[in-house]
file protein-v4.json (JSON, C-alpha atoms and all ligand atoms)
[["chain", "number", "residue", "atom", "x", "y", "z"],
["A", 668, "MET", "CA", 9.77, -9.44, -21.48],
["A", 669, "SER", "CA", 8.97, -10.25, -25.09],
["A", 670, "ASN", "CA", 6.48, -13.04, -24.30],
["A", 671, "PHE", "CA", 4.74, -11.08, -21.56],
["A", 672, "PRO", "CA", 1.03, -12.08, -21.53],
["A", 673, "GLU", "CA", -0.95, -9.50, -23.47],
["A", 674, "ASN", "CA", -4.17, -9.94, -21.51],
["A", 675, "PHE", "CA", -2.54, -8.55, -18.36],
["A", 676, "LYS", "CA", -1.25, -5.55, -20.26],
["A", 677, "GLN", "CA", -4.64, -5.01, -21.80],
["A", 678, "SER", "CA", -6.45, -5.20, -18.48],
["A", 679, "LEU", "CA", -3.97, -2.72, -17.01],
["A", 680, "GLU", "CA", -4.34, -0.32, -19.95],
["A", 681, "VAL", "CA", -8.14, -0.46, -20.13],
["A", 682, "ASN", "CA", -9.22, -0.95, -16.52],
["A", 683, "GLY", "CA", -6.16, 0.43, -14.75],
["A", 684, "TYR", "CA", -5.34, -2.76, -12.85],
["A", 685, "CYS", "CA", -4.58, -6.45, -13.33],
["A", 686, "LEU", "CA", -4.19, -9.45, -11.05],
["A", 687, "PHE", "CA", -1.72, -12.35, -11.18],
["A", 688, "LYS", "CA", -3.03, -15.35, -9.25],
["A", 689, "ASN", "CA", -0.96, -17.61, -6.98],
["A", 690, "VAL", "CA", 2.45, -16.14, -7.65],
["A", 691, "ILE", "CA", 3.94, -17.62, -4.47],
["A", 692, "SER", "CA", 3.50, -20.99, -2.77],
["A", 693, "ASP", "CA", 1.48, -21.53, 0.42],
["A", 694, "ARG", "CA", 4.70, -22.24, 2.29],
["A", 695, "THR", "CA", 6.17, -18.94, 1.12],
["A", 696, "VAL", "CA", 3.00, -17.12, 2.21],
["A", 697, "ASP", "CA", 3.32, -18.68, 5.68],
["A", 698, "LEU", "CA", 6.96, -17.68, 6.00],
["A", 699, "ALA", "CA", 6.26, -14.14, 4.76],
["A", 700, "ARG", "CA", 3.37, -13.76, 7.21],
["A", 701, "ALA", "CA", 5.60, -14.86, 10.09],
["A", 702, "ALA", "CA", 8.22, -12.36, 8.94],
["A", 703, "TYR", "CA", 5.58, -9.61, 8.82],
["A", 704, "GLN", "CA", 4.44, -10.49, 12.36],
["A", 705, "ARG", "CA", 8.03, -10.13, 13.58],
["A", 706, "MET", "CA", 8.25, -6.69, 11.93],
["A", 707, "LEU", "CA", 5.00, -5.64, 13.55],
["A", 708, "CYS", "CA", 6.15, -6.85, 16.99],
["A", 709, "LYS", "CA", 9.38, -4.93, 16.62],
["A", 710, "ILE", "CA", 7.53, -1.70, 15.86],
["A", 711, "GLU", "CA", 5.02, -2.24, 18.67],
["A", 712, "ALA", "CA", 7.95, -2.72, 21.06],
["A", 713, "GLY", "CA", 9.40, 0.62, 19.93],
["A", 714, "GLY", "CA", 12.26, -0.93, 17.96],
["A", 715, "TYR", "CA", 11.73, 0.73, 14.57],
["A", 716, "PRO", "CA", 10.58, 4.30, 13.88],
["A", 717, "PHE", "CA", 9.61, 4.27, 10.19],
["A", 718, "PHE", "CA", 5.92, 3.49, 10.08],
["A", 719, "ARG", "CA", 2.73, 5.38, 9.41],
["A", 720, "ILE", "CA", -0.44, 5.93, 11.36],
["A", 721, "TYR", "CA", -3.49, 7.35, 9.60],
["A", 722, "ASP", "CA", -6.13, 7.18, 12.33],
["A", 723, "ASN", "CA", -4.59, 7.54, 15.76],
["A", 724, "TYR", "CA", -6.61, 5.37, 18.16],
["A", 725, "TRP", "CA", -5.98, 3.96, 21.62],
["A", 726, "LEU", "CA", -3.88, 0.97, 20.55],
["A", 727, "LEU", "CA", -0.98, 1.68, 18.21],
["A", 728, "ASN", "CA", -2.73, 1.71, 14.81],
["A", 729, "ILE", "CA", 0.06, 0.90, 12.38],
["A", 730, "ALA", "CA", -1.14, 1.39, 8.81],
["A", 731, "GLY", "CA", 2.16, 1.09, 6.96],
["A", 732, "ILE", "CA", 5.67, -0.21, 7.59],
["A", 733, "GLU", "CA", 8.14, 1.86, 5.59],
["A", 734, "HIS", "CA", 11.49, 0.87, 4.05],
["A", 735, "ILE", "CA", 11.42, -2.89, 4.25],
["A", 736, "PHE", "CA", 15.09, -3.05, 3.16],
["A", 737, "HIS", "CA", 16.23, -0.99, 6.14],
["A", 738, "PRO", "CA", 18.74, -3.11, 8.10],
["A", 739, "ASP", "CA", 16.77, -2.61, 11.33],
["A", 740, "ILE", "CA", 13.60, -4.19, 9.92],
["A", 741, "PHE", "CA", 14.70, -6.31, 6.93],
["A", 742, "GLU", "CA", 13.26, -9.84, 6.97],
["A", 743, "PRO", "CA", 14.75, -12.26, 4.41],
["A", 744, "ASP", "CA", 11.58, -14.40, 4.24],
["A", 745, "LEU", "CA", 9.53, -11.38, 3.24],
["A", 746, "PHE", "CA", 11.86, -10.33, 0.46],
["A", 747, "ALA", "CA", 12.21, -13.96, -0.67],
["A", 748, "ALA", "CA", 8.43, -13.97, -1.20],
["A", 749, "VAL", "CA", 8.66, -10.78, -3.27],
["A", 750, "VAL", "CA", 11.40, -12.26, -5.46],
["A", 751, "GLU", "CA", 9.50, -15.53, -5.89],
["A", 752, "SER", "CA", 6.40, -13.59, -6.99],
["A", 753, "GLY", "CA", 8.22, -12.30, -10.07],
["A", 754, "LEU", "CA", 7.04, -8.81, -9.16],
["A", 755, "LEU", "CA", 9.99, -7.01, -10.68],
["A", 756, "PRO", "CA", 10.19, -8.75, -14.08],
["A", 757, "LYS", "CA", 6.40, -8.44, -14.34],
["A", 758, "ALA", "CA", 6.64, -4.71, -13.55],
["A", 759, "MET", "CA", 9.35, -4.35, -16.19],
["A", 760, "GLY", "CA", 7.13, -6.10, -18.73],
["A", 761, "LEU", "CA", 4.12, -3.94, -17.91],
["A", 762, "LEU", "CA", 6.16, -0.72, -17.88],
["A", 763, "GLY", "CA", 8.14, -1.72, -20.96],
["A", 764, "THR", "CA", 11.50, -0.93, -19.43],
["A", 765, "THR", "CA", 14.77, -2.73, -18.80],
["A", 766, "THR", "CA", 15.93, -0.08, -16.32],
["A", 767, "PRO", "CA", 13.33, -0.04, -13.54],
["A", 768, "VAL", "CA", 13.75, 2.02, -10.37],
["A", 769, "MET", "CA", 12.09, 1.38, -7.05],
["A", 770, "LEU", "CA", 10.44, 4.58, -5.86],
["A", 771, "LEU", "CA", 8.70, 3.30, -2.77],
["A", 772, "ASN", "CA", 8.49, 0.13, -0.69],
["A", 773, "ARG", "CA", 6.15, -0.43, 2.21],
["A", 774, "ILE", "CA", 3.80, -2.93, 3.86],
["A", 775, "HIS", "CA", 0.21, -1.74, 4.14],
["A", 776, "CYS", "CA", -1.32, -3.36, 7.17],
["A", 777, "THR", "CA", -4.50, -3.42, 9.21],
["A", 778, "THR", "CA", -4.33, -4.74, 12.75],
["A", 779, "HIS", "CA", -6.39, -3.63, 15.75],
["A", 780, "TYR", "CA", -8.91, -1.46, 13.89],
["A", 781, "SER", "CA", -10.63, -1.47, 10.49],
["A", 782, "HIS", "CA", -9.19, 0.91, 7.91],
["A", 783, "THR", "CA", -10.92, 3.53, 5.75],
["A", 784, "GLY", "CA", -8.75, 5.38, 3.23],
["A", 785, "ILE", "CA", -9.63, 8.42, 1.11],
["A", 786, "TRP", "CA", -9.97, 8.64, -2.67],
["A", 787, "HIS", "CA", -6.80, 9.80, -4.38],
["A", 788, "ARG", "CA", -4.45, 9.32, -7.32],
["A", 789, "ASP", "CA", -0.70, 8.83, -6.93],
["A", 790, "ALA", "CA", 0.03, 10.39, -10.33],
["A", 791, "ASP", "CA", -1.78, 12.90, -12.54],
["A", 792, "ALA", "CA", -4.56, 11.56, -14.75],
["A", 793, "CYS", "CA", -3.36, 10.37, -18.17],
["A", 794, "THR", "CA", 0.28, 10.10, -17.06],
["A", 795, "GLU", "CA", 2.29, 7.00, -16.25],
["A", 796, "PRO", "CA", 5.42, 7.94, -14.34],
["A", 797, "HIS", "CA", 5.26, 4.67, -12.40],
["A", 798, "LEU", "CA", 3.19, 1.60, -11.54],
["A", 799, "GLN", "CA", 2.10, 0.33, -8.12],
["A", 800, "MET", "CA", 1.67, -3.18, -6.88],
["A", 801, "ALA", "CA", 0.50, -5.21, -3.90],
["A", 802, "LEU", "CA", 1.60, -8.72, -3.01],
["A", 803, "PHE", "CA", -1.15, -10.04, -0.74],
["A", 804, "LEU", "CA", -0.22, -11.98, 2.40],
["A", 805, "PHE", "CA", -3.89, -12.24, 3.45],
["A", 806, "ASP", "CA", -7.12, -12.29, 1.46],
["A", 807, "GLU", "CA", -8.29, -8.76, 0.63],
["A", 808, "ASP", "CA", -11.29, -7.55, -1.30],
["A", 809, "ARG", "CA", -11.88, -3.92, -0.40],
["A", 810, "PHE", "CA", -9.47, -1.91, -2.51],
["A", 811, "PHE", "CA", -11.78, 0.57, -4.22],
["A", 812, "VAL", "CA", -11.11, 1.79, -7.75],
["A", 813, "VAL", "CA", -12.98, 3.59, -10.49],
["A", 814, "PRO", "CA", -12.02, 1.48, -13.52],
["A", 815, "GLY", "CA", -10.67, 3.50, -16.42],
["A", 816, "SER", "CA", -10.29, 6.68, -14.34],
["A", 817, "HIS", "CA", -6.52, 6.75, -15.01],
["A", 818, "GLN", "CA", -7.32, 7.88, -18.54],
["A", 819, "ARG", "CA", -9.36, 10.97, -17.69],
["A", 820, "GLU", "CA", -9.77, 13.92, -15.34],
["A", 821, "LEU", "CA", -12.50, 13.88, -12.69],
["A", 822, "SER", "CA", -16.04, 14.31, -13.98],
["A", 823, "THR", "CA", -18.20, 17.14, -12.66],
["A", 824, "GLU", "CA", -20.19, 14.62, -10.65],
["A", 825, "GLU", "CA", -17.05, 13.08, -9.10],
["A", 826, "ASN", "CA", -15.75, 16.54, -8.24],
["A", 827, "HIS", "CA", -19.00, 17.35, -6.50],
["A", 828, "LEU", "CA", -19.18, 14.03, -4.60],
["A", 829, "LEU", "CA", -15.56, 14.33, -3.47],
["A", 830, "SER", "CA", -16.13, 17.86, -2.25],
["A", 831, "VAL", "CA", -18.79, 16.42, 0.08],
["A", 832, "SER", "CA", -16.79, 13.38, 1.22],
["A", 833, "ARG", "CA", -13.32, 11.99, 0.40],
["A", 834, "MET", "CA", -14.84, 8.54, 0.98],
["A", 835, "ALA", "CA", -17.89, 9.17, -1.21],
["A", 836, "CYS", "CA", -19.56, 6.39, -3.20],
["A", 837, "LEU", "CA", -18.49, 7.22, -6.76],
["A", 838, "PRO", "CA", -20.31, 6.14, -9.93],
["A", 839, "ASN", "CA", -18.92, 2.84, -11.28],
["A", 840, "GLN", "CA", -16.65, 2.32, -8.28],
["A", 841, "MET", "CA", -15.81, -1.29, -7.57],
["A", 842, "THR", "CA", -13.77, -3.27, -5.08],
["A", 843, "ILE", "CA", -10.84, -5.33, -6.24],
["A", 844, "GLY", "CA", -8.21, -7.32, -4.41],
["A", 845, "GLY", "CA", -6.89, -10.82, -4.27],
["A", 846, "GLN", "CA", -6.20, -13.83, -2.13],
["A", 847, "ALA", "CA", -3.08, -14.49, -0.12],
["A", 848, "GLY", "CA", -0.34, -15.21, -2.65],
["A", 849, "ASP", "CA", -1.82, -13.05, -5.45],
["A", 850, "LEU", "CA", -0.13, -10.01, -6.96],
["A", 851, "MET", "CA", -2.05, -6.93, -8.08],
["A", 852, "PHE", "CA", -0.74, -4.15, -10.31],
["A", 853, "PHE", "CA", -2.48, -0.83, -10.71],
["A", 854, "LYS", "CA", -1.85, 2.42, -12.49],
["A", 855, "SER", "CA", -0.66, 5.13, -10.13],
["A", 856, "SER", "CA", -3.06, 7.53, -11.86],
["A", 857, "ILE", "CA", -6.20, 5.46, -11.22],
["A", 858, "LEU", "CA", -8.65, 6.91, -8.70],
["A", 859, "HIS", "CA", -8.43, 4.55, -5.73],
["A", 860, "ARG", "CA", -8.75, 4.19, -2.00],
["A", 861, "GLY", "CA", -7.71, 1.46, 0.43],
["A", 862, "SER", "CA", -10.16, 0.01, 2.88],
["A", 863, "CYS", "CA", -10.13, -3.08, 5.05],
["A", 864, "ILE", "CA", -12.32, -4.71, 7.68],
["A", 865, "GLN", "CA", -10.23, -7.54, 9.08],
["A", 866, "GLN", "CA", -6.51, -8.15, 9.40],
["A", 867, "ARG", "CA", -4.43, -7.59, 6.29],
["A", 868, "ALA", "CA", -0.88, -7.09, 5.07],
["A", 869, "HIS", "CA", 0.32, -6.56, 1.55],
["A", 870, "VAL", "CA", 3.79, -5.68, 0.34],
["A", 871, "HIS", "CA", 3.49, -2.51, -1.68],
["A", 872, "PHE", "CA", 5.93, -1.17, -4.27],
["A", 873, "ARG", "CA", 6.04, 1.77, -6.64],
["A", 874, "ILE", "CA", 8.29, 1.12, -9.59],
["A", 875, "GLY", "CA", 9.13, 3.52, -12.38],
["A", 876, "LYS", "CA", 11.13, 3.66, -15.55],
["A", 877, "GLY", "CA", 14.71, 4.59, -14.80],
["A", 878, "ASP", "CA", 16.66, 6.92, -16.98],
["A", 879, "PRO", "CA", 19.88, 5.21, -18.11],
["A", 880, "GLN", "CA", 21.31, 8.69, -18.80],
["A", 881, "ILE", "CA", 21.28, 9.63, -15.13],
["A", 882, "PRO", "CA", 24.49, 8.40, -13.55],
["A", 883, "PHE", "CA", 24.17, 5.92, -10.73],
["A", 884, "GLN", "CA", 25.01, 7.40, -7.33],
["A", 885, "SER", "CA", 25.50, 5.24, -4.32],
["A", 886, "GLU", "CA", 25.78, 7.71, -1.45],
["A", 887, "CYS", "CA", 22.96, 8.19, 1.03],
["A", 888, "ARG", "CA", 20.70, 5.56, -0.48],
["A", 889, "GLU", "CA", 19.07, 2.79, 1.47],
["A", 890, "GLU", "CA", 21.32, -0.18, 2.06],
["A", 891, "PHE", "CA", 20.08, -2.21, -0.89],
["A", 892, "GLY", "CA", 23.57, -3.32, -1.69],
["A", 893, "ARG", "CA", 24.07, -5.29, 1.52],
["A", 894, "ARG", "CA", 25.07, -8.94, 1.11],
["A", 895, "GLU", "CA", 22.00, -10.04, 3.09],
["A", 896, "VAL", "CA", 19.78, -8.45, 0.44],
["A", 897, "LEU", "CA", 21.82, -9.23, -2.66],
["A", 898, "ASP", "CA", 22.04, -12.92, -1.73],
["A", 899, "LEU", "CA", 18.27, -13.19, -2.16],
["A", 900, "CYS", "CA", 18.06, -11.18, -5.38],
["A", 901, "ASP", "CA", 17.44, -12.65, -8.80],
["A", 902, "GLU", "CA", 19.20, -11.01, -11.74],
["A", 903, "HIS", "CA", 16.53, -8.28, -12.06],
["A", 904, "TRP", "CA", 16.63, -7.17, -8.45],
["A", 905, "GLU", "CA", 20.38, -7.31, -8.34],
["A", 906, "LYS", "CA", 20.69, -5.19, -11.46],
["A", 907, "MET", "CA", 18.22, -2.64, -10.15],
["A", 908, "PHE", "CA", 19.92, -2.37, -6.77],
["A", 909, "THR", "CA", 23.42, -2.18, -8.13],
["A", 910, "CYS", "CA", 22.86, -0.09, -11.28],
["A", 911, "ASN", "CA", 19.59, 1.81, -11.33],
["A", 912, "MET", "CA", 18.93, 3.38, -7.94],
["A", 913, "TYR", "CA", 19.46, 7.12, -7.67],
["A", 914, "ASP", "CA", 19.90, 9.01, -4.43],
["A", 915, "SER", "CA", 16.74, 11.05, -4.60],
["A", 916, "GLN", "CA", 14.56, 8.08, -5.40],
["A", 917, "ASP", "CA", 14.18, 6.43, -2.06],
["A", 918, "SER", "CA", 12.05, 8.04, 0.57],
["A", 919, "ARG", "CA", 13.94, 6.79, 3.58],
["A", 920, "LYS", "CA", 13.10, 9.57, 5.94],
["A", 921, "SER", "CA", 9.54, 10.01, 4.76],
["A", 922, "VAL", "CA", 7.52, 8.98, 7.78],
["A", 923, "CYS", "CA", 8.07, 8.37, 11.45],
["A", 924, "GLY", "CA", 4.94, 7.12, 13.17],
["A", 925, "SER", "CA", 4.17, 8.50, 16.57],
["A", 926, "SER", "CA", 1.43, 8.15, 19.10],
["A", 927, "SER", "CA", 1.64, 11.22, 21.31],
["A", 928, "ASN", "CA", 1.66, 10.58, 25.05],
["A", 929, "SER", "CA", 1.01, 14.16, 26.10],
["A", 930, "SER", "CA", -2.26, 14.53, 28.01],
["A", 931, "ARG", "CA", -3.75, 16.31, 25.00],
["A", 932, "GLY", "CA", -2.56, 13.51, 22.69],
["A", 933, "ILE", "CA", -3.98, 10.82, 24.97],
["A", 934, "LEU", "CA", -7.31, 12.63, 25.22],
["A", 935, "LYS", "CA", -7.53, 12.97, 21.44],
["A", 936, "ARG", "CA", -6.75, 9.27, 20.95],
["A", 937, "LEU", "CA", -9.36, 8.29, 23.51],
["A", 938, "MET", "CA", -11.94, 10.50, 21.84],
["A", 939, "ALA", "CA", -11.06, 9.21, 18.37],
["A", 940, "THR", "CA", -11.38, 5.61, 19.58],
["A", 941, "PHE", "CA", -14.71, 6.33, 21.22],
["A", 942, "LEU", "CA", -16.05, 7.99, 18.05],
["A", 943, "HIS", "CA", -14.63, 5.20, 15.86],
["A", 944, "HIS", "CA", -16.79, 2.69, 17.77],
["A", 945, "PHE", "CA", -19.75, 4.94, 18.58],
["A", 946, "LEU", "CA", -20.28, 6.28, 15.04],
["A", 947, "PHE", "CA", -20.24, 2.87, 13.40],
["A", 948, "LEU", "CA", -23.84, 3.36, 12.28],
["A", 949, "LEU", "CA", -22.75, 6.11, 9.90],
["A", 950, "PRO", "CA", -21.50, 5.09, 6.45],
["A", 951, "GLU", "CA", -17.86, 5.69, 5.49],
["A", 952, "SER", "CA", -19.12, 8.27, 3.02],
["A", 953, "SER", "CA", -20.71, 10.44, 5.73],
["A", 954, "PRO", "CA", -19.40, 14.02, 5.36],
["A", 955, "LEU", "CA", -18.75, 14.00, 9.12],
["A", 956, "PHE", "CA", -15.71, 11.73, 8.68],
["A", 957, "SER", "CA", -14.36, 13.93, 5.92],
["A", 958, "ARG", "CA", -14.76, 16.94, 8.14],
["A", 959, "LEU", "CA", -13.19, 15.36, 11.25],
["A", 960, "GLN", "CA", -10.40, 13.63, 9.28],
["A", 961, "TRP", "CA", -8.97, 11.93, 12.37],
["A", 962, "VAL", "CA", -11.67, 9.33, 12.79],
["A", 963, "ALA", "CA", -13.39, 6.73, 10.60],
["A", 964, "PRO", "CA", -16.25, 4.34, 11.38],
["A", 965, "ASN", "CA", -15.70, 0.87, 12.84],
["A", 966, "LEU", "CA", -16.27, -1.35, 9.79],
["A", 967, "ARG", "CA", -16.03, -4.47, 11.96],
["A", 968, "LEU", "CA", -19.12, -3.44, 13.92],
["A", 969, "GLN", "CA", -20.83, -2.46, 10.66],
["A", 970, "LYS", "CA", -20.21, -5.98, 9.40],
["A", 971, "VAL", "CA", -21.53, -7.60, 12.60],
["A", 972, "PHE", "CA", -24.76, -5.61, 12.22],
["A", 973, "GLY", "CA", -24.99, -6.25, 8.47],
["A", 974, "LEU", "CA", -24.42, -2.60, 7.58],
["A", 975, "GLY", "CA", -22.18, -1.05, 4.94],
["A", 976, "ARG", "CA", -21.08, -2.48, 1.62],
["A", 977, "LYS", "CA", -19.87, -6.08, 1.37],
["A", 1001, "LIG", "O1", -4.34, 0.08, 0.91],
["A", 1001, "LIG", "C1", -4.00, 1.14, 1.46],
["A", 1001, "LIG", "O2", -4.05, 1.29, 2.67],
["A", 1001, "LIG", "C2", -3.55, 2.30, 0.67],
["A", 1001, "LIG", "C3", -3.35, 1.95, -0.73],
["A", 1001, "LIG", "C4", -3.06, 3.14, -1.53],
["A", 1001, "LIG", "O3", -3.75, 4.08, -1.48],
["A", 1001, "LIG", "C5", -1.92, 3.17, -2.41],
["A", 1001, "LIG", "O4", -1.25, 2.15, -2.53],
["A", 1001, "LIG", "O5", -1.66, 4.23, -2.98]]
call {"tool": "encode", "arguments": {"input": "protein-v4.json", "output": "structure tokens"}}
result
Amino acid sequence: MSNFPENFKQSLEVNGYCLFKNVISDRTVDLARAAYQRMLCKIEAGGYPFFRIYDNYWLLNIAGIEHIFHPDIFEPDLFAAVVESGLLPKAMGLLGTTTPVMLLNRIHCTTHYSHTGIWHRDADACTEPHLQMALFLFDEDRFFVVPGSHQRELSTEENHLLSVSRMACLPNQMTIGGQAGDLMFFKSSILHRGSCIQQRAHVHFRIGKGDPQIPFQSECREEFGRREVLDLCDEHWEKMFTCNMYDSQDSRKSVCGSSSNSSRGILKRLMATFLHHFLFLLPESSPLFSRLQWVAPNLRLQKVFGLGRK
């Protein structure tokens, strides 16, 4: 931790994000992608319930795979990639802690449809309860941020624009991201939104500073301590899983994806899919999408017709 590169810390402090290039080998990327595909297939076949859907379209629109350490979905090649990336020791260096805790683990993915997320923060402005990170398995360049926004409240102009649309174009917004095999860190308090045109998958973590005063409790937590997991751990992961995890700090039962098959549910999905394609001419920032909430424009069609940003 002592010789942690200062330029990464500085970029994180000033801009709210930083990027480590090529933290895993091409071979590791390939293995992790194959592992991710197996996870996706399992969910699509109904074999794992912890996933999230944001926009519910005709085909199962999986946006996130939760709890990657769960025994029913755990893939050693995926976790091996995370360990090889040095994600945890880097997070410890950036947070300045020797007792990290994992507060969230997930894969954000985009499959059958483009994805349009809303602006938000995952922590209050000017606070740093935790850091977030994304290990990219595919190239990605549409993660929107407002650099420096972690250090301040919303401006009057931002407040106004966001009241019109949660996908508004904000002053000074920019897109960041990385190539397959890169690792991005960002402040939880930065104003950000995810967006993606083509296929993507990144392994997402939220890691915070543990409190060594809080006694370690092992009941009810995710099965981090299984041999299958511990065998792949380096010293940092092993220490975190065996010493620092507290019961309340995993979100195991947070989300169960579902795609209703009632006639009303089917009708709504059909309509959402139709509008997703039909309204592609409207920009993401159109107030209509903020008002509807259950539909976003087809960014793939926008790209084909040379519309939209990037
Ligand atoms: O990329 C995404 O889909 C969501 C990312 C995000 O908002 C987050 O990590 O908090």
call {"tool": "residues_near_ligand", "arguments": {"input": "protein-v4.json", "ligand": "ligand LIG 1001 (chain A)", "cutoff": "7 Å", "atoms": "only C-alpha atoms and all ligand atoms", "output": "list in words"}}
result
Ala730, His775, Gly784, Asp789, Gln799, Phe810, His859, Arg860, Gly861, Ser862 and His871 of chain A
call {"tool": "atom_distance", "arguments": {"input": "protein-v4.json", "atom1": "CA of Leu761 in chain A", "atom2": "CA of Leu686 in chain A"}}
result
12.1 Å
call {"tool": "residues_around", "arguments": {"input": "protein-v4.json", "residues": "Asp693 in chain A", "least_positions_apart": "6", "cutoff": "12 Å", "atoms": "only C-alpha atoms", "output": "CSV table (one decimal) with C-alpha atoms, in the frame of the given file"}}
result
chain,number,residue,atom,x,y,z
A,699,ALA,CA,6.3,-14.1,4.8
A,700,ARG,CA,3.4,-13.8,7.2
A,748,ALA,CA,8.4,-14.0,-1.2
A,751,GLU,CA,9.5,-15.5,-5.9
A,752,SER,CA,6.4,-13.6,-7.0
A,803,PHE,CA,-1.2,-10.0,-0.7
A,804,LEU,CA,-0.2,-12.0,2.4
A,805,PHE,CA,-3.9,-12.2,3.4
A,846,GLN,CA,-6.2,-13.8,-2.1
A,847,ALA,CA,-3.1,-14.5,-0.1
A,848,GLY,CA,-0.3,-15.2,-2.6
A,849,ASP,CA,-1.8,-13.0,-5.4
call {"tool": "residues_near_point", "arguments": {"input": "protein-v4.json", "point": "(7.3, -2.3, -17.1)", "cutoff": "12 Å", "atoms": "only C-alpha atoms", "output": "mmCIF file with C-alpha atoms, in the coordinates of the input"}}
result
data_model
loop_
_atom_site.group_PDB
_atom_site.id
_atom_site.type_symbol
_atom_site.label_atom_id
_atom_site.label_comp_id
_atom_site.auth_asym_id
_atom_site.auth_seq_id
_atom_site.Cartn_x
_atom_site.Cartn_y
_atom_site.Cartn_z
ATOM 1 C CA MET A 668 9.770 -9.440 -21.480
ATOM 2 C CA SER A 669 8.970 -10.250 -25.090
ATOM 3 C CA PHE A 671 4.740 -11.080 -21.560
ATOM 4 C CA PHE A 675 -2.540 -8.550 -18.360
ATOM 5 C CA LYS A 676 -1.250 -5.550 -20.260
ATOM 6 C CA LEU A 679 -3.970 -2.720 -17.010
ATOM 7 C CA LEU A 754 7.040 -8.810 -9.160
ATOM 8 C CA LEU A 755 9.990 -7.010 -10.680
ATOM 9 C CA PRO A 756 10.190 -8.750 -14.080
ATOM 10 C CA LYS A 757 6.400 -8.440 -14.340
ATOM 11 C CA ALA A 758 6.640 -4.710 -13.550
ATOM 12 C CA MET A 759 9.350 -4.350 -16.190
ATOM 13 C CA GLY A 760 7.130 -6.100 -18.730
ATOM 14 C CA LEU A 761 4.120 -3.940 -17.910
ATOM 15 C CA LEU A 762 6.160 -0.720 -17.880
ATOM 16 C CA GLY A 763 8.140 -1.720 -20.960
ATOM 17 C CA THR A 764 11.500 -0.930 -19.430
ATOM 18 C CA THR A 765 14.770 -2.730 -18.800
ATOM 19 C CA THR A 766 15.930 -0.080 -16.320
ATOM 20 C CA PRO A 767 13.330 -0.040 -13.540
ATOM 21 C CA VAL A 768 13.750 2.020 -10.370
ATOM 22 C CA MET A 769 12.090 1.380 -7.050
ATOM 23 C CA GLU A 795 2.290 7.000 -16.250
ATOM 24 C CA PRO A 796 5.420 7.940 -14.340
ATOM 25 C CA HIS A 797 5.260 4.670 -12.400
ATOM 26 C CA LEU A 798 3.190 1.600 -11.540
ATOM 27 C CA GLN A 799 2.100 0.330 -8.120
ATOM 28 C CA MET A 800 1.670 -3.180 -6.880
ATOM 29 C CA PHE A 852 -0.740 -4.150 -10.310
ATOM 30 C CA PHE A 853 -2.480 -0.830 -10.710
ATOM 31 C CA LYS A 854 -1.850 2.420 -12.490
ATOM 32 C CA ARG A 873 6.040 1.770 -6.640
ATOM 33 C CA ILE A 874 8.290 1.120 -9.590
ATOM 34 C CA GLY A 875 9.130 3.520 -12.380
ATOM 35 C CA LYS A 876 11.130 3.660 -15.550
ATOM 36 C CA GLY A 877 14.710 4.590 -14.800
#
call {"tool": "atom_distance", "arguments": {"input": "protein-v4.json", "atom1": "CA of Gly892 in chain A", "atom2": "CA of Leu771 in chain A"}}
result
16.3 Å
call {"tool": "residues_around", "arguments": {"input": "protein-v4.json", "residues": "range 895-897 of chain A", "least_positions_apart": "2", "cutoff": "9 Å", "atoms": "all atoms listed in the file", "output": "PyMOL selection string"}}
result
chain A and resi 736+741+743+746+890-893+899-901+904-905+908
call {"tool": "residues_around", "arguments": {"input": "protein-v4.json", "residues": "Ile774 in chain A", "least_positions_apart": "2", "cutoff": "9 Å", "atoms": "all atoms listed in the file", "output": "PyMOL selection string"}}
result
chain A and resi 703+730-735+772+776+801+868-872
call {"tool": "closest_residue", "arguments": {"input": "protein-v4.json", "among": "A:Thr794, A:Leu698, A:Tyr684, A:Arg894", "to": "Thr842 in chain A", "atoms": "all atoms listed in the file"}}
result
A:Tyr684
call {"tool": "atom_distance", "arguments": {"input": "protein-v4.json", "atom1": "CA of His943 in chain A", "atom2": "CA of His779 in chain A"}}
result
12.1 Å
